[in-house]
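In what follows, a single structure is set out as structure tokens and then discussed.
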Amino acid sequence: MYIDSSLNCKPPPLKIGDLTVPIPIIQGGMGIGISMSGLASAVAKEGAIGVIAAVMIGFNEKGFYKDPRGTTRTALEKHIKRAKELAPNGVIGVNIMVALTDYEELVRISAKAGADLIISGAGLPLNLPALLPEGSKTKLVPIVSSGRAAAILCRRWKQHFGFPPHAIVVEGPKAGGHLGFKAEELESPNKELKIIVKEVIEAVKPFEDKCGQKIPVIAAGGIYSGADMYEFLSMGASGVQMATRFVATYECDASDRFKQAYIEATKDDIVIIKSPVGLPGRALNGPFVEKIKQGKVKPHKCTYHCLKTCNYKTAPYCISMALINAQRGNLESGFVFCGANVWKVNKILSVKELISEILKEYSQAACP
């Protein structure tokens, strides 16, 4: 783990149950194939939480097109174990979307493979605790976009499983990829991350008092700098989740062309697209996005059956194929998801350098 000894003001560690994370940063899970064991292990070694995105993680495995589900399950287990081996003292999480067709099986595989925590959004993971194998120590961290959703989960888990979430990620409308908001809500002052974080902190307080345990609230969506981290920790958040900035690292599992798209991005390149599953998504404009707008892309069949809510007969395009192409650098046949602050990215760093930079930014904000 690397922490610059010249820092006078360091952020407090993030505690999730019996896990203590020296640096209160969760590297956001990015699919398809953007955050696998390479990036996650590098982040975990530096003292933050590295996260593997489970969705279609087997896309580079032999036999994937014949058996996408089987190879994805095998690859997920392999990447978790590899990340744990590369960062034996680090914390490794897995991001698993509720909307995935094989969601339940991926949760079980992740827990059995030794994932330290499972982060779950794209729907409310109401029954997530029921999926853990007996004796599992894996921590469960749902993603919400409102205080109401946080309260529903806390109440449900306490009533049915005897405990609330181990932590909660609050994702605002400036996040990359699929967004848990209606398109018209993305610029609403009432949906700003600061407001939602405060709502969630207030919503979980009664459950903390009732259960006698802390429910850490993690701010996500548009968090870019150490100064941002300081701001949200000062508000009462216990940590932050950052994704966009980790793409521009040598260890990120995306292709060089994918990373270069981040470095070259301007504010004007950022667009909101409509996903085949009906959700808005934030991405970089490009040839494929233009084809989508013109209705020139149409899936002929569904190869993957990855999302419960996707009907290929009415879908304007196959999002899995588009994201696989982008990961490989084929941006003519795919698009790049990104956060609202992608235009600030201007160089590629190592994960060690990036985390050091974020900590220095935090120190400068905390002790000006």
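Chain labels run A, B, ... following the order of the structure tokens; each chain numbers its residues from 1, and ligands are numbered from 1 in the order shown.
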*as a ChimeraX atom specification, please: all residues of range 138-335 of chain A that backbone DSSP puts in alpha helix (DSSP H).*
/A:147-161,193-211,226-235,244-247,256-264,287-293,319-327
Do a neighbour search on Ala42 in chain A at 10 Å with only C-alpha atoms, toss out local chain neighbours closer than 2 positions, and write the hits as a PDB file with C-alpha atoms, in the first residue's frame.
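As a result, out-v4.pdb now contains:
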```pdb
ATOM      1  CA  MET A   1       0.000   0.000   0.000  1.00  0.00           C
ATOM      2  CA  SER A  37      -8.841  -8.664 -11.752  1.00  0.00           C
ATOM      3  CA  GLY A  38      -6.090  -6.478 -13.232  1.00  0.00           C
ATOM      4  CA  LEU A  39      -7.548  -3.165 -12.110  1.00  0.00           C
ATOM      5  CA  ALA A  40      -9.256  -4.461  -8.954  1.00  0.00           C
ATOM      6  CA  ALA A  44      -6.725  -3.247  -3.480  1.00  0.00           C
ATOM      7  CA  LYS A  45      -2.941  -3.406  -3.134  1.00  0.00           C
ATOM      8  CA  GLU A  46      -2.887   0.371  -2.605  1.00  0.00           C
ATOM      9  CA  GLY A  47      -5.335   0.193   0.298  1.00  0.00           C
ATOM     10  CA  ALA A  48      -8.648   1.030  -1.388  1.00  0.00           C
ATOM     11  CA  ILE A  49     -11.405  -1.385  -2.470  1.00  0.00           C
ATOM     12  CA  GLY A  50     -10.905  -2.923  -5.907  1.00  0.00           C
ATOM     13  CA  ALA A  83      -7.375 -10.686  -7.614  1.00  0.00           C
ATOM     14  CA  LEU A  86      -2.434 -10.613  -6.395  1.00  0.00           C
ATOM     15  CA  ALA A  87      -3.643  -8.526  -3.438  1.00  0.00           C
ATOM     16  CA  GLY A  90      -6.444  -6.107   0.033  1.00  0.00           C
ATOM     17  CA  THR A 249      -4.657   3.877 -15.484  1.00  0.00           C
ATOM     18  CA  TYR A 250      -2.171   1.428 -16.922  1.00  0.00           C
ATOM     19  CA  GLU A 251      -3.749  -1.386 -14.920  1.00  0.00           C
ATOM     20  CA  CYS A 252      -7.298  -0.801 -16.190  1.00  0.00           C
ATOM     21  CA  SER A 350      -0.458   3.957 -12.582  1.00  0.00           C
ATOM     22  CA  VAL A 351      -2.999   3.142  -9.884  1.00  0.00           C
ATOM     23  CA  LYS A 352      -0.308   3.894  -7.303  1.00  0.00           C
TER      24      LYS A 352
END
```
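Proximity of A:Gly281, A:Gly29, A:Gly135, A:Gly17 to Phe246 in chain A, computed with only C-alpha atoms, is greatest for A:Gly29.
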_Among range 49-266 of chain A, which residues does DSSP mark as strand (DSSP E or B) when it is run on the backbone? Keep the chain and numbering as in the structure and answer as a ChimeraX atom specification._
/A:49-53,91-95,100,117-120,139-144,168-171,177-178,217-220,239-242,249
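Using only C-alpha atoms for every distance, the candidate list A:Pro287, A:Gly162, A:Gly123, A:Gly329 yields A:Gly329 as the residue closest to Lys259 in chain A.
Using only C-alpha atoms, the nearest neighbour of Asn325 in chain A within the list A:Pro12, A:Pro22, A:Gly33, A:Gly177 is A:Gly33.
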